[in-house]
Structure formats: structure tokens, C-alpha cells
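Structure, as C-alpha cells:
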Amino acid sequence: MTGTLRIGLIGAGYMGKAHSIGLQLVRTAFQPPLVPVCEMICSTTEEGAAAHARAWAWNRSTADWRALVADPAVDAVIIATPPRTHLAMATEALRLGKPVFCEKPLGCDPAESRAMVDAAEEAGVATMVGFNYIRTPASQLAKQIIDSGEIGDVIQVTAEHVEDYLHDPRAPASWRTRIVTGTEAGALGDVGPHIVNACLRLVGPIDSLVADLNIVRATRSGPEGEERVENDDQGQMLLRFASGATGSLSFSRVAAGRKMGYTYRITGTKGALAFDQENQNELWLYDAARPAARQGFQRLLTGPAHPDYLAFNQGVGHGTGYNEQIVIEARDFLEAVATGRPVWPTFRDGWEVDRVTAAALRSARERAWVRIAEM
């Protein structure tokens, strides 16, 4: 497939703007096989949708997501709305044979995610899930180092995704603090999927886990007064990977001072890696084979020699940022649509993340280890 791909975007919030930027810039950074056209954007009101269309350079707008999905001038759909809406939107687009990019988490539970996987595989079109952080040049380099065997066999990972967007007790209640379907998680379902996805990408399949979840702020102000917080503010998991490696994982929305605390420390039999998303242009490498007087973590500052960096600038240390991650995702989605070949992470990969989330919820309820295969 060559030519243009007319995109319909559902959602005009934080991620809606990010995708608008990504689609506008992808032709400058890369030479994708398809040229994206920002055809239609959908928001909750006609006025709001029209305003976002003007501000973000979309051709048309609507307040009806079904109209966007069915529009014959929309070739592919990006879903950037709360998780409880994903199933209906994605399955309808797939029923019409349209490729879908969906923000994480894919579904509210593994059953929803599996339904989307089945719909995608029946339709035979490209799908992707929005796990953007793992696409930084530094994390792509980390995968190359691990896959090459440079740090040996992975034996342990310590990882976290912690932020403080609900640390302030005055922060109001919202859809993020409410259980709508009966299975939606809080921090586990919001920031947790990103770091679970990183573990799956860098270390491999998770065999089993035990989890603990905690609500820190029992109530928050809502439109009708104080509301009970219904899902987790923070939590932890212990992991056992199929490879035999072990891990510990933390997630939080009340971690004071952490704005993008997406970190991992991966230990292998020959060395180790360390990464912190708040310094996303650095990867730290430890080589255990070096003489004792020369041992220590080496800072690898990303530059044109590293994956996808040169598309944005030519200077080592000049750095890439959040929007570049979304541009890389846009490039990958366009390539998946054009070639018909799956590009990670597909809906099936999103389902694997959601199975881990479900296992953590079950483990916290039952106070027991849970195997992922059971979910």
C-alpha cells in the first residue's frame, strides 16, 4: 500500500494532542510508506471538537465517534479515550475493516482485550497499542544489549512507574478513581501497564506474580460532595518470569515529587542496565568483566548511533523527548498498515499486559501467587 492514510482520532485530551503532533511531524522525521492525513477528530461536544480541529489542523470534526468510525473518508482510527470506551470503538472499526491504534490499557479486563484481539485477527488489519515509553532510543538500545547477550542471562529486574498526579489530597475525584465496569484498576491500570509492558519487552513472559494494592486517599471531592476512592493509589508486585528471572515492580499515582518515575534496573550474569525516564537520553551499563579498579556503571548518552535518534537531530546529548516517542509510534503504525505485517505491540501484546493486570488484581484479593496462564 502506498499513498495517503486518512486518520480519524477519537479523543481530544492529553493523548489526542500528542497524536495530533505525532501525525503532523512523522513525515519530517521519517519517510513513512504512507502519508497520514488528519481527516477527522471526535470530542464530547460539537463545539469542542471543532475548536480542537482548528487548533490541531484536522480537516473535520464530530461529537459522534460512531459517525467518525463509519465515515468512508476515514481509513484508520486512533482511540485516545478512557479504557471503558475502547471495546465498542475498536470492535466497530475492526468490523468495518479499518486498522486501529488504541491507547493503553487495551481493555478493562482480559475478556475485553481478547475480544478485541479476536476482532482484529478476524479483520486481518493492523493494530497497535500505545506503549510509547519503551520506544525511546535508550530503551531500544537496552533491548539490543539484552538480546545480544552483552549482560548475559537476565536474572533479576527491579522496575517502577510512579507519578504524583494524585498526591495532592485536594485533587478531585474523576473516572480514574471510580470503578465503572467492576474490574478497572487505579494506578495499576493507569501507569502500571507501561512498566509491565517494559518488563515483557525486555525480560520476557511473566509466569506468575503476587501483588499488594493500597488506597492512600480514602475520599476525594466530587461534583456532589466527597466520593469514596474505589481503586488503588499504589501497589507492588513480585514477579517470576518464564526464563527463571525474578522481579519486583512498583506503581503509584501518589509518589510525591516523581513526575515520570518510569525506571528499571536489569541485572544479568555478565552485567547490568539502569534507566530512568526522567533522564530519558541516558542508559547506564555495568560490565562485570572489567577489572575491579575500573568497575562501575558507564553512562551511555544517546546520539545518532542509537535507534531512531538521528531522525530528530544529529548531536549526541541534544536529546529526544516525549513527542518524539509518539512520532516513532506513528511511523510504526503507518508501516504496519502499509506492509500488512504486525508491528509490536499489537492488540495481542496489549492483551498480555492486561492479563498481568488481572492477575495482580486477583492476587491482591486472594493474598496469593497467581499464574498468568490462568487469566
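Chains: A, B, ... in order of the C-alpha cells. Residues: from 1 per chain. Ligands: from 1, in order shown.
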Just the residues within 10 Å of A:Glu121, please, counting only C-alpha atoms, with nothing from its chain fewer than 4 positions along; format it as a PyMOL selection string.
chain A and resi 94+115-117+125-127+347-348
Quick one: contact table of stretch 107-141 of chain A to stretch 145-148 of chain A, 12 Å max, nearest atom pair and distance in Å to one decimal per residue, counting only C-alpha atoms, chain and number order, as a Markdown table?
```
| residue | atom | partner | partner_atom | distance |
| --- | --- | --- | --- | --- |
| A:Ala138 | CA | A:Ile145 | CA | 10.4 |
| A:Ser139 | CA | A:Ile145 | CA | 9.7 |
| A:Gln140 | CA | A:Ile145 | CA | 8.8 |
| A:Leu141 | CA | A:Ile145 | CA | 6.2 |
```
Residues of the last selection are to be written out with all heavy atoms, as a compact mmCIF listing (two decimals), in the first residue's frame.
```
# COMPACT_ATOMS: atom_id res chain seq x y z
N ALA A 138 17.01 5.13 24.13
CA ALA A 138 17.73 4.45 25.20
C ALA A 138 17.13 3.08 25.51
O ALA A 138 17.85 2.11 25.71
CB ALA A 138 17.75 5.32 26.46
N SER A 139 15.79 2.99 25.56
CA SER A 139 15.18 1.70 25.85
C SER A 139 15.28 0.74 24.66
O SER A 139 15.39 -0.48 24.84
CB SER A 139 13.72 1.88 26.27
OG SER A 139 13.66 2.34 27.61
N GLN A 140 15.25 1.28 23.44
CA GLN A 140 15.53 0.42 22.29
C GLN A 140 16.96 -0.11 22.35
O GLN A 140 17.22 -1.27 22.03
CB GLN A 140 15.30 1.20 20.99
CG GLN A 140 13.85 1.54 20.72
CD GLN A 140 13.67 2.07 19.32
OE1 GLN A 140 13.97 1.39 18.33
NE2 GLN A 140 13.19 3.30 19.20
N LEU A 141 17.90 0.73 22.78
CA LEU A 141 19.28 0.28 22.96
C LEU A 141 19.36 -0.78 24.05
O LEU A 141 20.09 -1.77 23.91
CB LEU A 141 20.16 1.48 23.32
CG LEU A 141 21.62 1.17 23.66
CD1 LEU A 141 22.35 0.53 22.48
CD2 LEU A 141 22.34 2.46 24.11
```
Would you list the contacts of A:Ala29 as a compact mmCIF listing (two decimals) with N, CA, C and O atoms, in the first residue's frame, taking every protein, DNA or RNA residue within 8 Å and counting only C-alpha atoms, but skipping same-chain residues closer than 6 positions in sequence?
```txt
# COMPACT_ATOMS: atom_id res chain seq x y z
N ALA A 311 16.79 10.57 13.32
CA ALA A 311 15.63 11.13 12.63
C ALA A 311 15.25 12.50 13.21
O ALA A 311 14.59 13.29 12.53
N PHE A 312 15.68 12.78 14.43
CA PHE A 312 15.27 14.01 15.10
C PHE A 312 16.39 15.04 15.23
O PHE A 312 16.13 16.24 15.16
N VAL A 327 5.91 10.26 17.72
CA VAL A 327 6.24 10.27 16.29
C VAL A 327 6.73 8.89 15.86
O VAL A 327 6.36 8.39 14.79
```
Could you pull the residues within 6 Å of stretch 268-275 of chain A, counting only C-alpha atoms, minus those fewer than 4 positions along the same chain, as an MDAnalysis selection string?
chainID A and resid 151:155 263:264 283:288
Would you mind listing, for every residue of stretch 92-178 of chain A within 9 Å of stretch 214-231 of chain A, the two atoms forming the shortest contact and the distance between them in Å to one decimal, using only C-alpha atoms, sorted by chain and ascending residue number, as CSV?
```
residue,atom,partner,partner_atom,distance
A:Leu166,CA,A:Arg217,CA,8.9
A:His167,CA,A:Arg217,CA,8.6
A:Pro169,CA,A:Arg217,CA,6.9
A:Arg170,CA,A:Arg220,CA,7.2
A:Ala171,CA,A:Arg220,CA,7.1
A:Pro172,CA,A:Ser221,CA,5.0
A:Ala173,CA,A:Arg220,CA,5.1
A:Ser174,CA,A:Gly222,CA,7.4
A:Arg176,CA,A:Asn231,CA,8.3
A:Thr177,CA,A:Val229,CA,5.4
A:Arg178,CA,A:Glu230,CA,5.2
```
With all heavy atoms kept, could you save the residues just selected as a compact mmCIF listing (two decimals), in the first residue's frame?
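As written to disk, selection_39.txt reads:
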```txt
# COMPACT_ATOMS: atom_id res chain seq x y z
N LEU A 166 -1.92 12.48 41.69
CA LEU A 166 -2.98 12.47 42.69
C LEU A 166 -2.43 12.54 44.11
O LEU A 166 -3.13 12.19 45.07
CB LEU A 166 -3.87 11.23 42.52
CG LEU A 166 -4.87 11.26 41.35
CD1 LEU A 166 -5.71 9.99 41.32
CD2 LEU A 166 -5.77 12.49 41.43
N HIS A 167 -1.20 13.01 44.27
CA HIS A 167 -0.66 13.13 45.61
C HIS A 167 -1.37 14.21 46.41
O HIS A 167 -1.60 14.06 47.61
CB HIS A 167 0.84 13.43 45.55
CG HIS A 167 1.46 13.58 46.91
ND1 HIS A 167 1.62 14.79 47.54
CD2 HIS A 167 1.93 12.64 47.77
CE1 HIS A 167 2.17 14.61 48.72
NE2 HIS A 167 2.38 13.32 48.89
N PRO A 169 -4.13 15.95 48.18
CA PRO A 169 -5.44 15.48 48.65
C PRO A 169 -6.59 16.33 48.11
O PRO A 169 -7.74 15.89 48.13
CB PRO A 169 -5.34 15.59 50.17
CG PRO A 169 -4.24 16.57 50.42
CD PRO A 169 -3.27 16.39 49.30
N ARG A 170 -6.28 17.52 47.59
CA ARG A 170 -7.32 18.38 47.01
C ARG A 170 -7.63 18.01 45.56
O ARG A 170 -8.61 18.53 45.00
CB ARG A 170 -6.88 19.84 47.10
CG ARG A 170 -6.72 20.37 48.52
CD ARG A 170 -5.98 21.69 48.53
NE ARG A 170 -4.62 21.54 48.00
CZ ARG A 170 -3.75 22.52 47.89
NH1 ARG A 170 -4.10 23.76 48.26
NH2 ARG A 170 -2.53 22.31 47.41
N ALA A 171 -6.84 17.14 44.96
CA ALA A 171 -7.13 16.71 43.58
C ALA A 171 -8.50 16.04 43.56
O ALA A 171 -8.80 15.19 44.40
CB ALA A 171 -6.05 15.75 43.08
N PRO A 172 -9.36 16.40 42.61
CA PRO A 172 -10.74 15.90 42.65
C PRO A 172 -10.88 14.45 42.19
O PRO A 172 -9.99 13.89 41.54
CB PRO A 172 -11.46 16.83 41.66
CG PRO A 172 -10.39 17.22 40.69
CD PRO A 172 -9.13 17.34 41.50
N ALA A 173 -12.01 13.86 42.54
CA ALA A 173 -12.37 12.54 42.02
C ALA A 173 -12.62 12.65 40.52
O ALA A 173 -12.97 13.71 40.00
CB ALA A 173 -13.63 12.03 42.72
N SER A 174 -12.42 11.55 39.82
CA SER A 174 -12.63 11.52 38.37
C SER A 174 -12.85 10.07 37.96
O SER A 174 -12.90 9.16 38.81
CB SER A 174 -11.42 12.09 37.63
OG SER A 174 -10.31 11.21 37.74
N ARG A 176 -10.75 8.25 36.85
CA ARG A 176 -9.59 7.47 37.26
C ARG A 176 -9.74 6.88 38.66
O ARG A 176 -9.07 5.89 38.99
CB ARG A 176 -8.33 8.35 37.23
CG ARG A 176 -7.95 8.85 35.84
CD ARG A 176 -6.68 9.69 35.90
NE ARG A 176 -6.37 10.30 34.63
CZ ARG A 176 -5.69 9.71 33.64
NH1 ARG A 176 -5.27 8.48 33.80
NH2 ARG A 176 -5.44 10.36 32.51
N THR A 177 -10.58 7.47 39.49
CA THR A 177 -10.73 7.00 40.87
C THR A 177 -12.00 6.18 41.08
O THR A 177 -12.29 5.78 42.20
CB THR A 177 -10.74 8.19 41.84
OG1 THR A 177 -11.83 9.06 41.51
CG2 THR A 177 -9.43 8.97 41.77
N ARG A 178 -12.74 5.93 40.00
CA ARG A 178 -14.00 5.20 40.11
C ARG A 178 -13.92 3.86 39.38
O ARG A 178 -13.25 3.75 38.36
CB ARG A 178 -15.14 6.03 39.51
CG ARG A 178 -15.33 7.39 40.15
CD ARG A 178 -16.41 8.18 39.45
NE ARG A 178 -16.45 9.57 39.97
CZ ARG A 178 -16.37 10.65 39.21
NH1 ARG A 178 -16.26 10.53 37.89
NH2 ARG A 178 -16.40 11.85 39.74
```
Skip A:Glu329 itself and residues of its chain fewer than 3 positions away, then list as a list in words all residues within 10 Å of it, counting only C-alpha atoms.
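Non-adjacent residues within range: His19, Gly22, Leu23, Val26, Phe101, Met128, Val129, Gly130, Phe131, Asn132, Arg135, Asn323, Glu324, Gln325, Ile326, Asp332, Phe333, Leu334, Glu335, Val343, Trp344 and Pro345 of chain A.
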